[in-house]
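Chemist: Next comes the structure file my_file-v2.cif, holding mmCIF, C-alpha atoms and all ligand atoms.
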data_data
#
loop_
_atom_site.label_atom_id
_atom_site.label_comp_id
_atom_site.auth_asym_id
_atom_site.auth_seq_id
_atom_site.Cartn_x
_atom_site.Cartn_y
_atom_site.Cartn_z
CA MET W 10 -31.42 46.20 70.27
CA ARG W 11 -30.73 42.83 68.75
CA LYS W 12 -27.01 43.36 69.20
CA ILE W 13 -27.45 44.26 72.86
CA PHE W 14 -29.52 41.14 73.32
CA LEU W 15 -26.83 39.00 71.78
CA ILE W 16 -24.10 40.53 73.91
CA ALA W 17 -26.23 40.07 77.02
CA LEU W 18 -26.91 36.50 76.05
CA ILE W 19 -23.31 35.54 75.77
CA ILE W 20 -22.27 37.32 78.94
CA PHE W 21 -25.20 36.12 81.01
CA GLY W 22 -25.22 32.71 79.44
CA LEU W 23 -21.62 32.11 80.35
CA GLY W 24 -21.99 33.73 83.71
CA PHE W 25 -24.85 31.53 84.69
CA TYR W 26 -23.75 28.29 83.17
CA HIS W 27 -23.57 26.86 86.66
CA SER W 28 -27.20 28.03 86.98
CA GLN W 29 -26.17 30.18 89.93
CA ALA W 30 -28.31 33.24 89.41
CA GLN W 31 -27.25 36.78 90.29
CA ASN W 32 -23.58 36.05 90.56
CA LEU W 33 -22.46 39.49 89.48
CA ASP W 34 -18.84 38.84 90.35
CA GLU W 35 -18.77 36.04 87.85
CA ILE W 36 -20.23 38.22 85.11
CA ASP W 37 -17.55 40.80 85.85
CA GLU W 38 -14.93 38.09 85.54
CA ILE W 39 -16.21 37.07 82.14
CA ALA W 40 -16.33 40.65 80.94
CA ALA W 41 -12.80 41.13 82.28
CA GLY W 42 -11.59 38.09 80.43
CA SER W 43 -10.86 35.76 83.33
CA LYS W 44 -13.41 33.20 82.15
CA ILE W 45 -12.93 31.84 78.69
CA LEU W 46 -15.30 30.07 76.34
CA VAL W 47 -13.56 27.33 74.35
CA LEU W 48 -15.72 26.03 71.50
CA ASN W 49 -15.10 22.59 70.02
CA TYR W 50 -16.03 21.81 66.42
CA HIS W 51 -15.21 18.84 64.21
CA GLN W 52 -16.68 19.05 60.70
CA ILE W 53 -18.27 21.96 58.88
CA ASP W 54 -20.28 20.51 56.03
CA ASN W 55 -23.80 19.77 54.95
CA LYS W 56 -23.72 16.06 55.79
CA ASN W 57 -26.27 15.06 58.35
CA THR W 58 -23.83 13.51 60.83
CA SER W 59 -23.45 14.03 64.56
CA LEU W 60 -20.07 15.75 64.20
CA SER W 61 -21.16 18.06 61.38
CA VAL W 62 -22.27 21.65 61.66
CA THR W 63 -23.77 22.96 58.43
CA ILE W 64 -21.91 25.68 56.56
CA SER W 65 -24.73 28.19 57.02
CA ASP W 66 -25.02 27.39 60.74
CA PHE W 67 -21.29 27.84 61.17
CA ASP W 68 -21.43 31.16 59.34
CA ALA W 69 -24.26 32.35 61.62
CA GLN W 70 -22.38 31.22 64.74
CA MET W 71 -19.19 33.02 63.71
CA LYS W 72 -21.18 36.14 62.83
CA PHE W 73 -22.74 35.97 66.30
CA LEU W 74 -19.32 35.84 67.96
CA ALA W 75 -18.02 38.72 65.84
CA ASP W 76 -21.15 40.86 66.37
CA SER W 77 -21.05 40.16 70.11
CA GLY W 78 -17.58 41.64 70.37
CA CYS W 79 -15.92 38.36 71.27
CA VAL W 80 -12.15 38.34 70.79
CA THR W 81 -10.68 35.09 69.51
CA ILE W 82 -7.49 34.00 71.25
CA THR W 83 -4.84 31.29 70.82
CA PRO W 84 -3.96 28.47 73.24
CA ASP W 85 -0.74 30.36 74.08
CA GLU W 86 -2.76 33.44 75.00
CA LEU W 87 -5.15 31.34 77.07
CA TYR W 88 -2.19 29.83 78.93
CA ALA W 89 -0.49 33.17 79.48
CA GLY W 90 -3.76 34.77 80.54
CA LEU W 91 -4.55 32.08 83.10
CA ASN W 92 -0.99 32.33 84.43
CA GLY W 93 -1.31 36.09 84.82
CA GLU W 94 1.44 36.79 82.28
CA ILE W 95 -0.87 38.79 80.02
CA GLU W 96 -4.25 40.41 80.42
CA LEU W 97 -6.84 38.72 78.24
CA PRO W 98 -9.28 40.89 76.28
CA PRO W 99 -12.94 41.08 77.31
CA LYS W 100 -15.08 38.19 76.05
CA PRO W 101 -12.20 35.96 75.01
CA VAL W 102 -13.20 32.93 72.94
CA LEU W 103 -10.99 30.09 71.76
CA ILE W 104 -12.45 28.38 68.68
CA THR W 105 -11.10 24.85 68.27
CA PHE W 106 -11.51 22.05 65.73
CA ASP W 107 -10.51 18.44 66.28
CA ASP W 108 -9.15 15.95 63.71
CA GLY W 109 -8.19 18.21 60.78
CA TYR W 110 -10.91 17.31 58.29
CA ILE W 111 -10.60 18.75 54.78
CA ASP W 112 -13.80 20.77 55.27
CA ASN W 113 -12.01 22.84 57.91
CA TYR W 114 -9.99 24.23 54.99
CA THR W 115 -12.66 24.32 52.28
CA ASN W 116 -15.66 25.43 54.39
CA ALA W 117 -14.63 26.83 57.79
CA PHE W 118 -11.48 28.73 56.84
CA PRO W 119 -13.20 31.15 54.39
CA ILE W 120 -15.84 31.96 57.01
CA LEU W 121 -13.27 32.52 59.76
CA LYS W 122 -11.38 34.85 57.42
CA LYS W 123 -14.59 36.70 56.51
CA TYR W 124 -15.25 37.59 60.16
CA ASN W 125 -11.57 38.04 60.98
CA LEU W 126 -11.67 35.30 63.62
CA ARG W 127 -8.78 33.14 64.74
CA ALA W 128 -9.05 29.43 65.51
CA THR W 129 -6.99 26.41 66.56
CA ILE W 130 -7.02 23.01 64.86
CA PHE W 131 -5.83 19.83 66.60
CA ILE W 132 -4.24 17.69 63.91
CA ILE W 133 -3.61 13.94 63.52
CA PRO W 134 -0.26 14.05 61.66
CA ALA W 135 -0.37 10.40 60.50
CA PHE W 136 -3.53 11.28 58.53
CA THR W 137 -2.25 14.62 57.17
CA SER W 138 -1.51 14.59 53.42
CA VAL W 139 -2.40 10.86 53.52
CA TYR W 140 -6.19 10.48 53.54
CA PRO W 141 -8.32 12.57 51.17
CA ASN W 142 -10.78 13.51 53.91
CA TYR W 143 -8.00 15.23 55.88
CA MET W 144 -6.03 18.38 55.16
CA THR W 145 -2.57 18.51 53.63
CA TRP W 146 0.57 20.08 55.11
CA GLU W 147 0.36 22.80 52.47
CA GLN W 148 -3.18 23.68 53.51
CA LEU W 149 -2.17 23.76 57.18
CA LYS W 150 0.71 26.12 56.38
CA GLU W 151 -1.58 28.42 54.42
CA MET W 152 -4.02 28.47 57.32
CA GLU W 153 -1.30 29.23 59.87
CA ALA W 154 -0.29 32.22 57.79
CA ASN W 155 -3.89 33.45 58.15
CA GLY W 156 -4.79 33.29 61.82
CA ILE W 157 -5.13 29.54 62.39
CA THR W 158 -2.99 27.77 65.01
CA ILE W 159 -2.04 24.11 64.58
CA GLU W 160 -1.66 21.85 67.63
CA SER W 161 -1.62 18.09 68.34
CA HIS W 162 -4.43 15.52 68.47
CA THR W 163 -1.95 12.58 68.84
CA LEU W 164 -0.25 10.72 66.00
CA THR W 165 -3.03 8.27 65.04
CA HIS W 166 -6.05 9.15 67.23
CA PRO W 167 -6.16 6.05 69.48
CA LYS W 168 -8.09 5.65 72.72
CA LEU W 169 -5.13 6.64 74.89
CA GLU W 170 -6.51 5.11 78.07
CA GLU W 171 -6.39 1.65 76.44
CA LEU W 172 -2.69 1.88 75.52
CA PRO W 173 0.44 0.85 77.46
CA ASP W 174 2.69 3.69 78.57
CA ASP W 175 5.25 3.38 75.79
CA GLU W 176 2.52 3.67 73.15
CA ILE W 177 0.96 6.66 74.89
CA ARG W 178 4.39 8.31 74.86
CA ASN W 179 4.84 7.51 71.16
CA GLU W 180 1.46 9.00 70.26
CA LEU W 181 2.10 12.20 72.20
CA LEU W 182 5.78 12.66 71.36
CA ASN W 183 5.76 11.60 67.69
CA SER W 184 2.80 13.85 66.89
CA LYS W 185 4.56 16.74 68.64
CA ASN W 186 7.83 16.13 66.77
CA MET W 187 6.19 15.65 63.38
CA LEU W 188 4.05 18.76 63.71
CA GLU W 189 7.00 20.83 64.93
CA GLU W 190 9.08 19.70 61.98
CA GLN W 191 6.34 20.48 59.45
CA MET W 192 4.98 23.68 60.97
CA GLY W 193 8.27 25.11 62.25
CA HIS W 194 7.15 26.14 65.72
CA PRO W 195 6.76 24.51 69.14
CA ILE W 196 3.67 22.31 69.57
CA GLU W 197 2.68 22.63 73.21
CA PHE W 198 -1.05 21.92 73.33
CA LEU W 199 -2.99 18.73 72.91
CA ALA W 200 -6.61 17.73 72.50
CA TYR W 201 -7.25 14.22 73.85
CA PRO W 202 -8.76 11.95 71.15
CA THR W 203 -12.43 11.35 72.00
CA GLY W 204 -11.92 13.82 74.82
CA THR W 205 -10.99 11.12 77.31
CA TYR W 206 -8.02 11.38 79.62
CA ASN W 207 -6.86 10.53 83.10
CA LEU W 208 -4.24 11.88 85.48
CA HIS W 209 -1.68 9.35 84.30
CA ILE W 210 -2.02 10.39 80.63
CA ALA W 211 -1.96 14.06 81.68
CA GLY W 212 1.29 13.42 83.56
CA ILE W 213 2.92 11.87 80.50
CA ALA W 214 1.83 14.81 78.33
CA GLN W 215 3.33 17.22 80.84
CA ASP W 216 6.61 15.25 80.98
CA LEU W 217 6.88 15.43 77.18
CA GLY W 218 6.69 19.21 77.17
CA TYR W 219 3.03 19.94 76.59
CA LYS W 220 1.76 23.00 78.47
CA GLY W 221 -1.92 22.09 78.38
CA ALA W 222 -4.54 19.71 77.05
CA PHE W 223 -8.18 20.09 76.07
CA THR W 224 -11.00 17.71 76.91
CA ILE W 225 -14.68 17.65 76.03
CA LYS W 226 -15.60 18.30 79.66
CA TYR W 227 -18.46 20.78 79.31
CA GLY W 228 -17.74 24.18 80.81
CA VAL W 229 -15.78 27.42 80.57
CA VAL W 230 -12.12 27.73 81.46
CA ASP W 231 -11.02 29.90 84.35
CA LYS W 232 -8.12 30.20 86.78
CA GLY W 233 -9.43 27.16 88.65
CA SER W 234 -9.16 24.95 85.57
CA ASN W 235 -6.58 22.19 85.38
CA PHE W 236 -4.24 22.98 82.45
CA PHE W 237 -4.34 19.30 81.46
CA ALA W 238 -8.12 19.02 81.68
CA LEU W 239 -9.29 22.20 80.00
CA GLU W 240 -13.04 22.49 79.52
CA ARG W 241 -14.73 23.05 76.17
CA VAL W 242 -18.25 23.50 74.87
CA PRO W 243 -18.87 20.97 72.08
CA ILE W 244 -20.77 22.33 69.10
CA PHE W 245 -21.82 19.14 67.40
CA HIS W 246 -24.61 18.90 64.88
CA THR W 247 -26.84 21.96 65.19
CA GLN W 248 -30.36 21.30 63.97
CA THR W 249 -31.92 24.71 63.78
CA THR W 250 -29.19 27.23 63.25
CA MET W 251 -28.76 29.53 66.23
CA LYS W 252 -31.14 27.96 68.73
CA ASP W 253 -28.94 24.93 69.39
CA PHE W 254 -25.85 27.11 69.50
CA TYR W 255 -27.36 29.50 72.07
CA GLU W 256 -28.48 26.63 74.22
CA ARG W 257 -25.09 25.00 74.15
CA ILE W 258 -23.16 28.09 75.09
CA ALA W 259 -25.78 29.36 77.52
CA TRP W 260 -27.14 26.08 78.88
CA ARG W 261 -30.80 25.50 78.42
CA GLN W 262 -31.74 25.97 82.06
CA SER W 263 -30.14 29.39 82.40
CA PHE W 264 -31.59 30.36 79.04
CA GLU W 265 -35.10 29.72 80.30
CA GLU W 266 -34.41 31.01 83.80
CA PHE W 267 -34.18 34.52 82.46
CA GLY W 268 -37.31 34.31 80.41
CA TRP W 269 -35.58 34.38 77.07
CA ILE W 270 -37.81 33.04 74.40
CA LYS W 271 -36.50 30.37 72.11
CA LYS W 272 -37.12 31.15 68.46
ZN ZN W 301 -10.74 13.52 67.43
#
Just give me the structure of the file as structure tokens.
Modeler:
Amino acid sequence: MRKIFLIALIIFGLGFYHSQAQNLDEIDEIAAGSKILVLNYHQIDNKNTSLSVTISDFDAQMKFLADSGCVTITPDELYAGLNGEIELPPKPVLITFDDGYIDNYTNAFPILKKYNLRATIFIIPAFTSVYPNYMTWEQLKEMEANGITIESHTLTHPKLEELPDDEIRNELLNSKNMLEEQMGHPIEFLAYPTGTYNLHIAGIAQDLGYKGAFTIKYGVVDKGSNFFALERVPIFHTQTTMKDFYERIAWRQSFEEFGWIKK
């Protein structure tokens, strides 16, 4: 019963995130894999900061996704699915992390492995193997061998919209080149630092060979999404384990609309 409730919650929650009730076509689309939830995490640790999700909360959230039958996908699969090159599985979820903090390796990685979930981490290569709070190249390689995909979060994490064009190009191209050299595969996806972007920055990213870029625009991705302004659902600090998580993925208004009781 509990499992059915959880499955219903994720399907209905996503389906009604626009708060448009009774849109059965949309629910079908989610079940068929044409609408994709992209989660955005930063730090998994027990510090009480806005970007931190506690280790036990993260474990419960990953267990929820696994128990709900969600299938974790990669950015490449998302891209191919939206382009109609492959058929995405039902309930596709893309789990992403920004910045490449060390706790992604020490705290999140063991939990992802435990539930057999894949994830993508957007890395700042100028910080990698440099600052102790960020992961090392060796750790990134170990993670990539175990279901984690590494992509770019620019070279030094600046506010791109404040930079002249040549510096924007350097940030996007040098991070791509450095990551490709270290990881040994094409780097074709970007997460904008601080989530901010504009059409001009998106155009530069496209010119440099990126296939898509992720924002922190709140929503689910579907065929109507702009590849260079992909929506995500930010999972920042969760106060009370699953309640905050449910509300973020389901939106509070749709949660209450269906009479679900918050615990
Ligand atoms: Zn960031």
Chemist: What are the closest atom pairs, with distances in Å to one decimal, for all residues of segment 42-100 of chain W lying within 10 Å of segment 221-235 of chain W? Consider all atoms listed in the file, order rows by chain and residue number, and present the result as a tab-separated table.
Modeler:
residue	atom	partner	partner_atom	distance
W:Gly42	CA	W:Asp231	CA	9.1
W:Ser43	CA	W:Asp231	CA	6.0
W:Lys44	CA	W:Asp231	CA	4.6
W:Ile45	CA	W:Val230	CA	5.0
W:Leu46	CA	W:Val229	CA	5.0
W:Val47	CA	W:Val229	CA	6.6
W:Leu48	CA	W:Val229	CA	9.2
W:Asn49	CA	W:Ile225	CA	7.8
W:Pro84	CA	W:Gly221	CA	8.4
W:Asp85	CA	W:Gly221	CA	9.4
W:Leu87	CA	W:Val230	CA	9.0
W:Tyr88	CA	W:Gly221	CA	7.8
W:Gly90	CA	W:Lys232	CA	8.9
W:Leu91	CA	W:Lys232	CA	5.5
W:Asn92	CA	W:Lys232	CA	7.8
W:Gly93	CA	W:Lys232	CA	9.2
Chemist: Which residues form the shell of 7 Å around ligand ZN 301 (chain W) when you count all atoms listed in the file, given as JSON, numbers by chain?
Modeler: {"W": [107, 108, 162, 166, 202, 203]}
Chemist: What separation in Å, quoted to one decimal, exists between atom CA of Glu256 of chain W and atom CA of Pro243 of chain W?
Modeler: 11.4 Å
Chemist: What does the distance between atom CA of Leu172 of chain W and atom CA of His209 of chain W come to in Å, to one decimal place?
Modeler: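 Separation of atom CA of Leu172 of chain W and atom CA of His209 of chain W: 11.6 Å.
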Chemist: What is the atom CA of Ser77 of chain W-atom CA of Ile104 of chain W distance in Å, reported with one decimal?
Modeler: 14.7 Å
Chemist: Quick one: everything within 9 Å of Asn113 of chain W, counting all atoms listed in the file, minus sequence neighbours fewer than 2 positions away in the same chain. Send it as a ChimeraX atom specification.
Modeler: /W:51-54,106,109-111,115-118,130,143-144
Chemist: Name the residues in contact with Cys79 of chain W at a cut-off of 9 Å, using only C-alpha atoms, excluding same-chain residues fewer than 5 positions from it; report them as a VMD selection string.
Modeler: chain W and resid 16 73 to 74 98 to 102
Chemist: Identify which of the residues W:Ala200, W:Ile210, W:Val80, W:Leu164 lies closest to Leu188 of chain W, counting all atoms listed in the file when measuring atom-to-atom distances.
Modeler: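 Smallest distance to Leu188 of chain W is found for W:Leu164.
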Chemist: Using only C-alpha atoms, pick whichever of W:Glu197, W:His246, W:Arg241, W:Ile213 has the shortest atom-to-atom distance to Glu176 of chain W.
Modeler: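 Residue with the minimum atom-to-atom distance to Glu176 of chain W: W:Ile213.
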